[in-house]
$ cat protein_27.txt   # compact mmCIF, C-alpha atoms
# COMPACT_ATOMS: atom_id res chain seq x y z
CA MET A 1 9.33 3.77 28.64
CA GLY A 2 10.41 3.78 25.00
CA LYS A 3 8.15 3.28 22.02
CA LEU A 4 7.49 0.11 20.06
CA PHE A 5 8.01 0.77 16.35
CA PHE A 6 8.81 -0.80 13.03
CA ASP A 7 10.47 0.51 9.83
CA ILE A 8 9.97 -1.62 6.74
CA SER A 9 10.41 -1.21 2.97
CA MET A 10 7.33 -2.20 0.98
CA SER A 11 6.48 -2.33 -2.72
CA LEU A 12 3.56 -0.16 -3.83
CA ASP A 13 1.46 -3.33 -4.11
CA GLY A 14 2.16 -4.11 -0.47
CA PHE A 15 4.90 -6.74 -0.42
CA VAL A 16 7.98 -6.86 1.82
CA ALA A 17 9.43 -9.86 -0.03
CA GLY A 18 8.91 -11.27 -3.49
CA PRO A 19 7.70 -14.75 -4.41
CA ASN A 20 9.78 -17.95 -4.30
CA PRO A 21 12.46 -17.19 -1.67
CA THR A 22 15.61 -19.29 -1.96
CA LEU A 23 18.94 -19.42 -0.15
CA GLU A 24 20.41 -17.22 -2.89
CA GLU A 25 17.43 -14.85 -2.83
CA PRO A 26 16.08 -14.96 0.73
CA LEU A 27 13.85 -11.97 -0.05
CA GLY A 28 12.32 -13.73 -3.07
CA GLU A 29 12.32 -12.72 -6.70
CA ARG A 30 13.12 -8.99 -7.02
CA GLY A 31 12.86 -8.65 -3.24
CA GLU A 32 16.32 -7.05 -3.08
CA GLU A 33 14.98 -4.12 -5.12
CA LEU A 34 13.05 -3.08 -2.02
CA HIS A 35 16.34 -2.24 -0.30
CA GLU A 36 18.32 -0.65 -3.11
CA TRP A 37 17.43 2.78 -1.77
CA VAL A 38 19.21 1.83 1.47
CA THR A 39 22.39 0.33 0.10
CA ARG A 40 23.00 3.45 -2.00
CA LEU A 41 23.10 5.71 1.06
CA ALA A 42 26.22 7.31 2.51
CA SER A 43 25.16 6.40 6.06
CA TRP A 44 24.63 2.75 5.16
CA ARG A 45 27.95 2.60 3.34
CA ALA A 46 29.78 4.22 6.25
CA GLN A 47 28.27 1.63 8.60
CA HIS A 48 29.67 -1.09 6.36
CA GLY A 49 33.14 0.44 6.08
CA LEU A 50 32.56 1.92 2.61
CA SER A 51 33.05 5.50 1.47
CA GLY A 52 30.80 7.58 -0.78
CA GLY A 53 27.10 7.08 -1.32
CA ASP A 54 24.04 9.32 -1.59
CA THR A 55 23.20 12.00 0.92
CA GLY A 56 19.89 13.87 1.11
CA ALA A 57 16.38 13.13 2.35
CA ASP A 58 16.62 9.33 2.27
CA ASP A 59 19.95 9.40 4.09
CA GLU A 60 18.52 11.64 6.81
CA VAL A 61 15.63 9.22 7.33
CA MET A 62 18.03 6.29 7.55
CA LYS A 63 20.23 8.11 10.08
CA GLU A 64 17.19 8.55 12.33
CA ILE A 65 16.52 4.81 12.25
CA THR A 66 20.10 3.63 12.72
CA GLY A 67 20.84 3.23 16.39
CA ARG A 68 17.32 4.16 17.48
CA ALA A 69 16.45 0.73 18.86
CA GLY A 70 17.68 -0.26 22.31
CA ALA A 71 16.41 -3.77 21.60
CA VAL A 72 14.93 -5.68 18.68
CA VAL A 73 12.17 -8.29 18.38
CA MET A 74 12.05 -10.56 15.35
CA GLY A 75 10.40 -13.71 14.06
CA ARG A 76 12.24 -16.99 13.73
CA ARG A 77 12.22 -16.91 9.92
CA MET A 78 13.80 -13.49 9.86
CA PHE A 79 16.55 -14.82 12.10
CA SER A 80 17.23 -18.09 10.32
CA ASN A 81 16.05 -20.53 7.70
CA GLY A 82 16.62 -23.16 10.37
CA ALA A 83 13.56 -24.01 12.44
CA GLY A 84 15.11 -25.63 15.51
CA PRO A 85 15.56 -27.63 17.69
CA TRP A 86 18.62 -25.38 17.56
CA GLU A 87 21.29 -27.71 18.98
CA ASP A 88 20.86 -30.07 15.98
CA ASP A 89 20.41 -27.38 13.34
CA PRO A 90 23.29 -26.38 11.03
CA LYS A 91 21.42 -23.13 10.25
CA ALA A 92 21.23 -22.14 13.90
CA ASP A 93 23.55 -19.15 13.35
CA GLY A 94 20.94 -17.38 11.28
CA TRP A 95 21.15 -15.28 8.13
CA TRP A 96 23.19 -12.48 9.61
CA GLY A 97 26.76 -13.72 10.02
CA ASP A 98 29.24 -13.08 12.81
CA ASP A 99 28.78 -9.30 12.90
CA PRO A 100 25.02 -8.75 12.62
CA PRO A 101 23.71 -5.24 11.92
CA PHE A 102 21.44 -5.04 14.97
CA ARG A 103 24.07 -4.01 17.56
CA ALA A 104 21.55 -4.50 20.38
CA PRO A 105 19.86 -7.35 22.23
CA VAL A 106 17.63 -9.27 19.79
CA PHE A 107 14.62 -11.29 21.00
CA ILE A 108 13.67 -14.08 18.60
CA LEU A 109 10.22 -15.66 18.68
CA THR A 110 10.63 -19.42 18.39
CA HIS A 111 9.02 -22.66 19.54
CA HIS A 112 12.39 -24.11 20.57
CA PRO A 113 14.29 -22.88 23.64
CA ARG A 114 17.98 -22.03 23.40
CA GLU A 115 20.63 -20.32 25.49
CA PRO A 116 21.51 -16.74 24.43
CA VAL A 117 24.18 -16.37 21.74
CA GLU A 118 26.56 -13.42 21.73
CA LYS A 119 27.79 -12.03 18.41
CA GLN A 120 30.20 -9.24 17.49
CA GLY A 121 29.30 -5.57 17.62
CA GLY A 122 26.78 -5.67 20.47
CA THR A 123 24.24 -8.13 19.07
CA THR A 124 23.01 -10.80 21.48
CA TYR A 125 20.44 -13.31 20.33
CA ASN A 126 17.86 -14.26 22.95
CA PHE A 127 15.28 -16.95 22.24
CA VAL A 128 11.73 -16.45 23.50
CA THR A 129 9.26 -19.35 23.49
CA ASP A 130 6.31 -17.84 25.36
CA GLY A 131 4.89 -15.37 22.86
CA ILE A 132 4.97 -11.79 21.65
CA GLU A 133 4.05 -10.12 24.93
CA SER A 134 6.85 -11.88 26.76
CA ALA A 135 9.31 -10.96 23.98
CA LEU A 136 8.22 -7.33 24.22
CA GLU A 137 8.55 -7.32 28.01
CA GLN A 138 12.07 -8.74 27.82
CA ALA A 139 13.02 -6.32 25.03
CA ARG A 140 11.70 -3.34 26.99
CA ALA A 141 13.74 -4.42 30.03
CA ALA A 142 16.86 -4.65 27.85
CA ALA A 143 16.20 -1.33 26.08
CA GLY A 144 15.69 0.71 29.27
CA ASP A 145 14.41 4.15 28.20
CA ARG A 146 15.17 3.52 24.55
CA ASP A 147 12.74 2.36 21.86
CA VAL A 148 12.11 -1.24 20.84
CA GLN A 149 11.98 -2.23 17.16
CA VAL A 150 9.92 -4.98 15.63
CA ALA A 151 12.29 -5.96 12.83
CA GLY A 152 9.90 -8.38 11.10
CA GLY A 153 8.78 -10.45 9.37
CA ALA A 154 5.36 -9.36 8.25
CA ASP A 155 3.58 -11.98 10.37
CA VAL A 156 5.25 -10.68 13.53
CA VAL A 157 4.39 -7.07 12.64
CA GLN A 158 0.77 -8.14 12.12
CA GLN A 159 0.67 -9.89 15.49
CA TYR A 160 1.92 -6.77 17.29
CA LEU A 161 -0.48 -4.52 15.34
CA ASN A 162 -3.46 -6.76 16.06
CA ALA A 163 -2.52 -6.91 19.74
CA GLY A 164 -2.55 -3.10 19.85
CA LEU A 165 1.04 -2.97 21.11
CA LEU A 166 2.70 -0.85 18.41
CA ASP A 167 3.07 2.89 18.98
CA GLU A 168 4.31 4.05 15.59
CA PHE A 169 5.78 2.87 12.34
CA GLN A 170 7.33 3.97 9.09
CA VAL A 171 6.71 2.36 5.72
CA HIS A 172 9.21 3.03 2.94
CA VAL A 173 7.09 2.70 -0.21
CA VAL A 174 9.23 1.66 -3.19
CA PRO A 175 7.75 2.39 -6.64
CA ILE A 176 7.67 -1.17 -7.93
CA PHE A 177 5.04 -3.90 -8.24
CA LEU A 178 6.29 -7.29 -7.06
CA GLY A 179 3.02 -8.99 -8.06
CA SER A 180 3.13 -11.57 -5.29
CA GLY A 181 5.15 -12.50 -2.23
CA VAL A 182 4.80 -11.64 1.45
CA ARG A 183 2.31 -8.88 2.27
CA LEU A 184 3.10 -6.47 5.09
CA PHE A 185 -0.48 -5.48 5.93
CA ASP A 186 -2.61 -8.61 5.83
CA ASP A 187 -5.46 -9.81 8.02
CA LEU A 188 -5.38 -6.78 10.28
CA GLY A 189 -8.52 -7.75 12.12
CA GLY A 190 -7.79 -5.25 14.88
CA ARG A 191 -8.32 -2.30 12.55
CA SER A 192 -6.31 0.28 14.45
CA ASP A 193 -6.86 3.89 13.58
CA LEU A 194 -3.79 5.69 12.34
CA GLU A 195 -2.56 9.24 12.30
CA LEU A 196 -0.19 10.37 9.60
CA ALA A 197 2.88 11.75 11.36
CA ARG A 198 5.21 12.66 8.47
CA VAL A 199 5.85 12.21 4.77
CA VAL A 200 9.35 12.41 3.29
CA ASP A 201 9.82 11.65 -0.38
CA SER A 202 12.56 11.26 -2.92
CA PRO A 203 12.42 9.80 -6.43
CA ALA A 204 13.56 6.43 -5.02
CA VAL A 205 11.18 5.96 -2.11
CA THR A 206 8.35 7.57 -0.13
CA HIS A 207 8.70 7.43 3.66
CA LEU A 208 5.28 7.40 5.35
CA SER A 209 5.26 7.64 9.17
CA TYR A 210 2.17 6.85 11.22
CA ARG A 211 1.16 6.89 14.87
CA VAL A 212 -1.17 4.09 15.98
CA MET A 213 -4.15 5.58 17.82
CA GLY A 214 -5.89 3.65 20.59
CA MET B 18 -3.64 11.37 -27.88
CA GLY B 19 -4.60 11.75 -24.23
CA LYS B 20 -3.29 9.66 -21.37
CA LEU B 21 -4.94 6.68 -19.71
CA PHE B 22 -5.03 7.20 -15.95
CA PHE B 23 -6.76 6.27 -12.75
CA ASP B 24 -7.26 8.07 -9.42
CA ILE B 25 -8.37 5.88 -6.53
CA SER B 26 -8.55 6.15 -2.73
CA MET B 27 -6.95 3.22 -0.93
CA SER B 28 -6.50 2.26 2.72
CA LEU B 29 -2.92 1.89 3.91
CA ASP B 30 -3.41 -1.87 3.85
CA GLY B 31 -4.33 -1.71 0.18
CA PHE B 32 -8.12 -1.89 0.01
CA VAL B 33 -10.45 0.23 -2.14
CA ALA B 34 -13.57 -1.24 -0.50
CA GLY B 35 -14.23 -2.92 2.82
CA PRO B 36 -15.61 -6.40 3.39
CA ASN B 37 -19.28 -7.43 3.07
CA PRO B 38 -20.71 -4.89 0.61
CA THR B 39 -24.50 -4.43 0.80
CA LEU B 40 -27.03 -2.18 -0.92
CA GLU B 41 -26.78 0.18 2.05
CA GLU B 42 -22.98 0.01 2.12
CA PRO B 43 -21.89 -0.65 -1.48
CA LEU B 44 -18.28 0.08 -0.51
CA GLY B 45 -18.40 -2.51 2.28
CA GLU B 46 -17.84 -2.04 5.98
CA ARG B 47 -16.02 1.24 6.66
CA GLY B 48 -15.48 1.66 2.90
CA GLU B 49 -17.04 5.12 3.00
CA GLU B 50 -14.18 6.27 5.23
CA LEU B 51 -11.94 6.06 2.17
CA HIS B 52 -13.82 8.98 0.64
CA GLU B 53 -14.37 11.24 3.64
CA TRP B 54 -11.40 13.35 2.57
CA VAL B 55 -13.26 14.08 -0.70
CA THR B 56 -16.70 14.92 0.65
CA ARG B 57 -15.18 17.46 3.03
CA LEU B 58 -13.67 19.49 0.17
CA ALA B 59 -14.93 22.87 -1.04
CA SER B 60 -14.61 21.79 -4.70
CA TRP B 61 -16.64 18.62 -4.14
CA ARG B 62 -19.31 20.51 -2.23
CA ALA B 63 -19.53 23.19 -4.95
CA GLN B 64 -20.00 20.46 -7.55
CA HIS B 65 -22.91 19.14 -5.50
CA GLY B 66 -24.52 22.55 -4.99
CA LEU B 67 -23.24 22.98 -1.42
CA SER B 68 -21.31 25.89 0.04
CA GLY B 69 -18.34 25.80 2.41
CA GLY B 70 -15.88 22.95 2.81
CA ASP B 71 -12.12 22.61 3.15
CA THR B 72 -9.64 24.28 0.85
CA GLY B 73 -5.92 23.53 0.73
CA ALA B 74 -3.71 20.80 -0.69
CA ASP B 75 -6.37 18.08 -0.94
CA ASP B 76 -8.79 20.46 -2.63
CA GLU B 77 -6.16 21.45 -5.20
CA VAL B 78 -5.53 17.78 -6.01
CA MET B 79 -9.27 17.18 -6.42
CA LYS B 80 -9.66 20.20 -8.69
CA GLU B 81 -7.00 18.73 -11.01
CA ILE B 82 -8.95 15.47 -11.25
CA THR B 83 -12.42 16.98 -11.71
CA GLY B 84 -13.10 17.45 -15.39
CA ARG B 85 -9.80 15.94 -16.49
CA ALA B 86 -11.34 12.91 -18.20
CA GLY B 87 -12.81 13.27 -21.69
CA ALA B 88 -14.18 9.74 -21.33
CA VAL B 89 -14.40 7.09 -18.63
CA VAL B 90 -14.04 3.30 -18.62
CA MET B 91 -15.54 1.25 -15.80
CA GLY B 92 -16.40 -2.31 -14.84
CA ARG B 93 -19.95 -3.58 -14.72
CA ARG B 94 -20.00 -3.86 -10.94
CA MET B 95 -18.95 -0.25 -10.55
CA PHE B 96 -21.83 0.73 -12.80
CA SER B 97 -24.54 -1.42 -11.28
CA ASN B 98 -25.33 -4.23 -8.90
CA GLY B 99 -27.40 -5.62 -11.77
CA ALA B 100 -25.58 -8.07 -14.00
CA GLY B 101 -27.75 -8.04 -17.12
CA PRO B 102 -29.31 -9.03 -19.48
CA TRP B 103 -30.15 -5.37 -19.07
CA GLU B 104 -33.64 -5.23 -20.59
CA ASP B 105 -34.94 -7.52 -17.82
CA ASP B 106 -32.93 -6.02 -14.98
CA PRO B 107 -34.53 -3.59 -12.52
CA LYS B 108 -31.02 -2.46 -11.50
CA ALA B 109 -30.09 -1.51 -15.05
CA ASP B 110 -29.93 2.19 -14.18
CA GLY B 111 -26.85 1.61 -12.06
CA TRP B 112 -25.73 3.07 -8.74
CA TRP B 113 -25.40 6.61 -9.92
CA GLY B 114 -28.91 8.07 -10.31
CA ASP B 115 -30.25 10.44 -12.97
CA ASP B 116 -27.42 12.98 -12.74
CA PRO B 117 -24.22 10.89 -12.53
CA PRO B 118 -20.96 12.58 -11.57
CA PHE B 119 -19.01 11.52 -14.68
CA ARG B 120 -20.23 14.25 -17.07
CA ALA B 121 -18.58 12.47 -20.01
CA PRO B 122 -19.11 9.37 -22.14
CA VAL B 123 -18.76 6.26 -19.95
CA PHE B 124 -17.78 2.88 -21.41
CA ILE B 125 -18.96 -0.04 -19.30
CA LEU B 126 -17.39 -3.49 -19.61
CA THR B 127 -20.18 -6.06 -19.62
CA HIS B 128 -21.05 -9.43 -21.09
CA HIS B 129 -24.50 -8.23 -22.15
CA PRO B 130 -25.04 -5.80 -25.04
CA ARG B 131 -27.30 -2.78 -24.62
CA GLU B 132 -28.09 0.42 -26.48
CA PRO B 133 -26.45 3.60 -25.09
CA VAL B 134 -28.30 5.41 -22.29
CA GLU B 135 -28.14 9.18 -21.96
CA LYS B 136 -28.29 10.73 -18.49
CA GLN B 137 -28.30 14.33 -17.28
CA GLY B 138 -25.21 16.50 -17.11
CA GLY B 139 -23.30 15.03 -20.04
CA THR B 140 -23.02 11.40 -18.93
CA THR B 141 -23.77 8.80 -21.60
CA TYR B 142 -23.51 5.12 -20.74
CA ASN B 143 -22.10 2.93 -23.51
CA PHE B 144 -21.94 -0.84 -23.11
CA VAL B 145 -18.88 -2.68 -24.41
CA THR B 146 -18.93 -6.46 -24.75
CA ASP B 147 -15.65 -7.11 -26.57
CA GLY B 148 -13.05 -6.42 -23.90
CA ILE B 149 -10.79 -3.78 -22.40
CA GLU B 150 -8.89 -2.84 -25.55
CA SER B 151 -12.10 -2.16 -27.44
CA ALA B 152 -13.45 -0.12 -24.53
CA LEU B 153 -10.24 1.93 -24.48
CA GLU B 154 -10.35 2.47 -28.25
CA GLN B 155 -13.93 3.71 -28.07
CA ALA B 156 -13.17 5.90 -25.06
CA ARG B 157 -10.16 7.44 -26.81
CA ALA B 158 -12.30 8.23 -29.85
CA ALA B 159 -14.88 9.89 -27.62
CA ALA B 160 -12.26 11.81 -25.60
CA GLY B 161 -10.43 13.30 -28.58
CA ASP B 162 -7.27 14.94 -27.29
CA ARG B 163 -8.36 14.66 -23.67
CA ASP B 164 -7.38 11.98 -21.15
CA VAL B 165 -9.28 8.76 -20.47
CA GLN B 166 -9.95 7.63 -16.90
CA VAL B 167 -10.25 4.07 -15.66
CA ALA B 168 -12.78 4.65 -12.90
CA GLY B 169 -12.61 1.13 -11.45
CA GLY B 170 -13.19 -1.31 -9.95
CA ALA B 171 -9.92 -2.80 -8.85
CA ASP B 172 -10.22 -5.77 -11.21
CA VAL B 173 -10.53 -3.45 -14.21
CA VAL B 174 -7.55 -1.36 -13.05
CA GLN B 175 -5.53 -4.58 -12.73
CA GLN B 176 -6.49 -5.68 -16.24
CA TYR B 177 -5.33 -2.37 -17.72
CA LEU B 178 -2.11 -2.41 -15.67
CA ASN B 179 -1.31 -5.98 -16.67
CA ALA B 180 -2.01 -5.16 -20.33
CA GLY B 181 0.53 -2.31 -20.10
CA LEU B 182 -2.06 0.24 -21.24
CA LEU B 183 -2.00 2.69 -18.31
CA ASP B 184 0.19 5.79 -18.54
CA GLU B 185 -0.10 7.18 -15.05
CA PHE B 186 -2.08 6.98 -11.85
CA GLN B 187 -2.63 8.54 -8.47
CA VAL B 188 -3.35 6.65 -5.28
CA HIS B 189 -4.87 8.56 -2.38
CA VAL B 190 -3.59 6.67 0.67
CA VAL B 191 -5.97 7.03 3.61
CA PRO B 192 -4.47 6.31 7.06
CA ILE B 193 -6.81 3.47 8.05
CA PHE B 194 -6.62 -0.32 8.05
CA LEU B 195 -9.75 -1.95 6.62
CA GLY B 196 -8.43 -5.45 7.37
CA SER B 197 -10.10 -7.07 4.39
CA GLY B 198 -12.15 -6.21 1.32
CA VAL B 199 -11.19 -5.48 -2.28
CA ARG B 200 -7.48 -4.98 -2.94
CA LEU B 201 -6.40 -2.41 -5.51
CA PHE B 202 -3.03 -3.94 -6.38
CA ASP B 203 -3.49 -7.69 -6.61
CA ASP B 204 -2.04 -10.28 -8.96
CA LEU B 205 -0.03 -7.76 -10.96
CA GLY B 206 1.78 -10.38 -12.97
CA GLY B 207 2.94 -7.79 -15.50
CA ARG B 208 5.21 -6.12 -12.95
CA SER B 209 5.41 -2.71 -14.54
CA ASP B 210 8.16 -0.42 -13.41
CA LEU B 211 6.99 2.82 -11.93
CA GLU B 212 8.40 6.30 -11.54
CA LEU B 213 7.24 8.47 -8.67
CA ALA B 214 5.89 11.68 -10.20
CA ARG B 215 4.65 13.63 -7.20
CA VAL B 216 3.75 13.41 -3.52
CA VAL B 217 1.18 15.72 -1.92
CA ASP B 218 0.21 15.14 1.68
CA SER B 219 -2.19 16.42 4.27
CA PRO B 220 -3.16 14.93 7.65
CA ALA B 221 -6.17 13.27 5.98
CA VAL B 222 -4.59 11.60 2.96
CA THR B 223 -1.34 11.13 1.03
CA HIS B 224 -1.58 11.58 -2.74
CA LEU B 225 1.03 9.46 -4.54
CA SER B 226 1.33 9.95 -8.31
CA TYR B 227 3.21 7.52 -10.53
CA ARG B 228 4.11 7.17 -14.18
CA VAL B 229 4.07 3.65 -15.60
CA MET B 230 7.38 2.98 -17.39
CA GLY B 231 7.58 0.58 -20.31
$ encode --input "protein_27.txt" --output "structure tokens"
Amino acid sequence: MGKLFFDISMSLDGFVAGPNPTLEEPLGERGEELHEWVTRLASWRAQHGLSGGDTGADDEVMKEITGRAGAVVMGRRMFSNGAGPWEDDPKADGWWGDDPPFRAPVFILTHHPREPVEKQGGTTYNFVTDGIESALEQARAAAGDRDVQVAGGADVVQQYLNAGLLDEFQVHVVPIFLGSGVRLFDDLGGRSDLELARVVDSPAVTHLSYRVMG
Amino acid sequence: MGKLFFDISMSLDGFVAGPNPTLEEPLGERGEELHEWVTRLASWRAQHGLSGGDTGADDEVMKEITGRAGAVVMGRRMFSNGAGPWEDDPKADGWWGDDPPFRAPVFILTHHPREPVEKQGGTTYNFVTDGIESALEQARAAAGDRDVQVAGGADVVQQYLNAGLLDEFQVHVVPIFLGSGVRLFDDLGGRSDLELARVVDSPAVTHLSYRVMG
């Protein structure tokens, strides 16, 4: 059985999105700065049909992540600013367009049932209404021996951490203060113990990998 | 002129103290775990008259910090669980005993004036009632060419960060989740830009050093 993991960029003050998200800035004020280290990379650019870009430590980390997940779990708000019921919702296609970057089966936690939706490039959206354990079970079945990624948002990561279901994770710490927004590590009542697995750093970002212990 | 810096241990979820502090556990539940990496070190043990202890990367980082500050600024709650007026307060001696670890002039932010108090080993407590800029000015005068340390707590660090007065800092990220408590980086409205200066890691703790830019 594969591992359950997440990989998320976080400001040094702990935010994965800035304050006041809008349609133009879905990651909130300055939230895009959390991902500038990614969009500069050669591997990211190649994936998006662009040449050039940075190679080096950050690019190696990104190459490990790309294609690792055999299936993806995500929260409804990460999928779409629509809330369902989906058949009546003009935002039912989500944020990610016709050729989403996941290229794997995606399991979306929602209160509203919906038939699966197939997109280009290997992404299939599946809608799960009976909770995080069911979503994980379905994702594991789809992933086979491969790993399953919790893509986000922060509230979904917290639910999997507090349920003791995550095996490992990587936080990409970006040297900025966002001041407010959405915190990645909030209300972690479960208080898992962690083991530092690896540190990779560049001037742009520090990649901290942890194993979740017991 | 020396630099203004801080060096603080923080849980991965951003806390410098756990919840529910008491006289027996002034750092709150599990808060002491944030400092276990320090009390294991050879340099810390030598400073406290003990032999043995761990050497290596963490010990080298600690040796850099020890004795760096020519003066120290701290909040009232870090000094004492007494709140003043000091002449009537049985807790006026603070948390730190007769031989405090600071070994330098300490400037304590308080609302209640008090004459300086001299302790053993070079620590003098000075009480500052007219705000963080005055405390810094007095600390700089006392430190001469040497650096000034903001010892804490988190609220005082935040005030100096938001006022744009800090030059650099080091966060010692301990691989635990405390779940709740006192956050180091909270309400940073000033949104300073940071530059990663150095990363040192061991299994016990990741030392992240930053310069505050503009």
$ closest_atom_pairs --input "protein_27.txt" --of "chain B" --to "chain A" --cutoff "6 Å" --atoms "only C-alpha atoms" --output "Markdown table"
| residue | atom | partner | partner_atom | distance |
| --- | --- | --- | --- | --- |
| B:Asp30 | CA | A:Phe185 | CA | 5.1 |
| B:Pro192 | CA | A:Leu194 | CA | 5.4 |
| B:Ile193 | CA | A:Asp193 | CA | 5.5 |
| B:Phe194 | CA | A:Arg191 | CA | 5.2 |
| B:Gly196 | CA | A:Leu188 | CA | 4.4 |
| B:Phe202 | CA | A:Asp13 | CA | 5.1 |
| B:Asp204 | CA | A:Gly179 | CA | 5.3 |
| B:Leu205 | CA | A:Gly179 | CA | 4.4 |
| B:Gly206 | CA | A:Gly179 | CA | 5.3 |
| B:Arg208 | CA | A:Phe177 | CA | 5.2 |
| B:Asp210 | CA | A:Ile176 | CA | 5.6 |
| B:Leu211 | CA | A:Pro175 | CA | 5.4 |
| B:Leu213 | CA | A:Pro203 | CA | 5.8 |
| B:Pro220 | CA | A:Leu196 | CA | 5.8 |
$ residues_around --input "protein_27.txt" --residues "Val167 in chain B" --least-positions-apart "2" --cutoff "7 Å" --atoms "all atoms listed in the file" --output "count of residues only"
8
$ atom_distance --input "protein_27.txt" --atom1 "CA of Met95 in chain B" --atom2 "CA of Gly48 in chain B"
14.0 Å
$ atom_distance --input "protein_27.txt" --atom1 "CA of Gly53 in chain A" --atom2 "CA of Trp96 in chain A"
22.7 Å
$ closest_residue --input "protein_27.txt" --among "B:Gly138, B:Gly92, B:Pro102, B:Gly198" --to "Asn37 in chain B" --atoms "all atoms listed in the file"
B:Gly198
$ atom_distance --input "protein_27.txt" --atom1 "CA of Ser209 in chain A" --atom2 "CA of Gln187 in chain B"
19.3 Å
$ residues_around --input "protein_27.txt" --residues "Thr146 in chain B" --least-positions-apart "6" --cutoff "7 Å" --atoms "all atoms listed in the file" --output "count of residues only"
5
$ closest_residue --input "protein_27.txt" --among "A:Asn81, A:Val106, A:Ala143, A:Asp93" --to "Glu24 in chain A" --atoms "only C-alpha atoms"
A:Asn81
$ residues_near_point --input "protein_27.txt" --point "(-26.2, 0.4, -9.2)" --cutoff "9 Å" --atoms "all atoms listed in the file" --output "JSON, numbers by chain"
{"B": [40, 43, 94, 95, 96, 97, 98, 99, 108, 109, 110, 111, 112, 113, 114]}
$ write_last_selection --input "protein_27.txt" --atoms "C-alpha atoms" --output "short mmCIF file (atom, residue, chain, number, x, y, z; two decimals), keeping the file's coordinate frame"
data_model
loop_
_atom_site.label_atom_id
_atom_site.label_comp_id
_atom_site.auth_asym_id
_atom_site.auth_seq_id
_atom_site.Cartn_x
_atom_site.Cartn_y
_atom_site.Cartn_z
CA LEU B 40 -27.03 -2.18 -0.92
CA PRO B 43 -21.89 -0.65 -1.48
CA ARG B 94 -20.00 -3.86 -10.94
CA MET B 95 -18.95 -0.25 -10.55
CA PHE B 96 -21.83 0.73 -12.80
CA SER B 97 -24.54 -1.42 -11.28
CA ASN B 98 -25.33 -4.23 -8.90
CA GLY B 99 -27.40 -5.62 -11.77
CA LYS B 108 -31.02 -2.46 -11.50
CA ALA B 109 -30.09 -1.51 -15.05
CA ASP B 110 -29.93 2.19 -14.18
CA GLY B 111 -26.85 1.61 -12.06
CA TRP B 112 -25.73 3.07 -8.74
CA TRP B 113 -25.40 6.61 -9.92
CA GLY B 114 -28.91 8.07 -10.31
#
$ residues_around --input "protein_27.txt" --residues "Leu21 in chain B" --least-positions-apart "4" --cutoff "7 Å" --atoms "all atoms listed in the file" --output "ChimeraX atom specification"
/B:164-166,183-185
$ closest_atom_pairs --input "protein_27.txt" --of "range 62-161 of chain A" --to "range 37-48 of chain A" --cutoff "12 Å" --atoms "only C-alpha atoms" --output "Markdown table"
| residue | atom | partner | partner_atom | distance |
| --- | --- | --- | --- | --- |
| A:Met62 | CA | A:Ser43 | CA | 7.3 |
| A:Lys63 | CA | A:Ser43 | CA | 6.6 |
| A:Glu64 | CA | A:Ser43 | CA | 10.4 |
| A:Ile65 | CA | A:Ser43 | CA | 10.7 |
| A:Thr66 | CA | A:Ser43 | CA | 8.8 |
| A:Gly67 | CA | A:Gln47 | CA | 10.9 |
| A:Asp99 | CA | A:His48 | CA | 10.5 |
| A:Pro100 | CA | A:His48 | CA | 10.9 |
| A:Pro101 | CA | A:Gln47 | CA | 8.9 |
| A:Phe102 | CA | A:Gln47 | CA | 11.5 |
| A:Arg103 | CA | A:Gln47 | CA | 11.4 |
| A:Gly121 | CA | A:Gln47 | CA | 11.6 |
$ closest_residue --input "protein_27.txt" --among "B:Gly231, B:Gly139, B:Pro36, B:Gly101" --to "Asp115 in chain B" --atoms "all atoms listed in the file"
B:Gly139
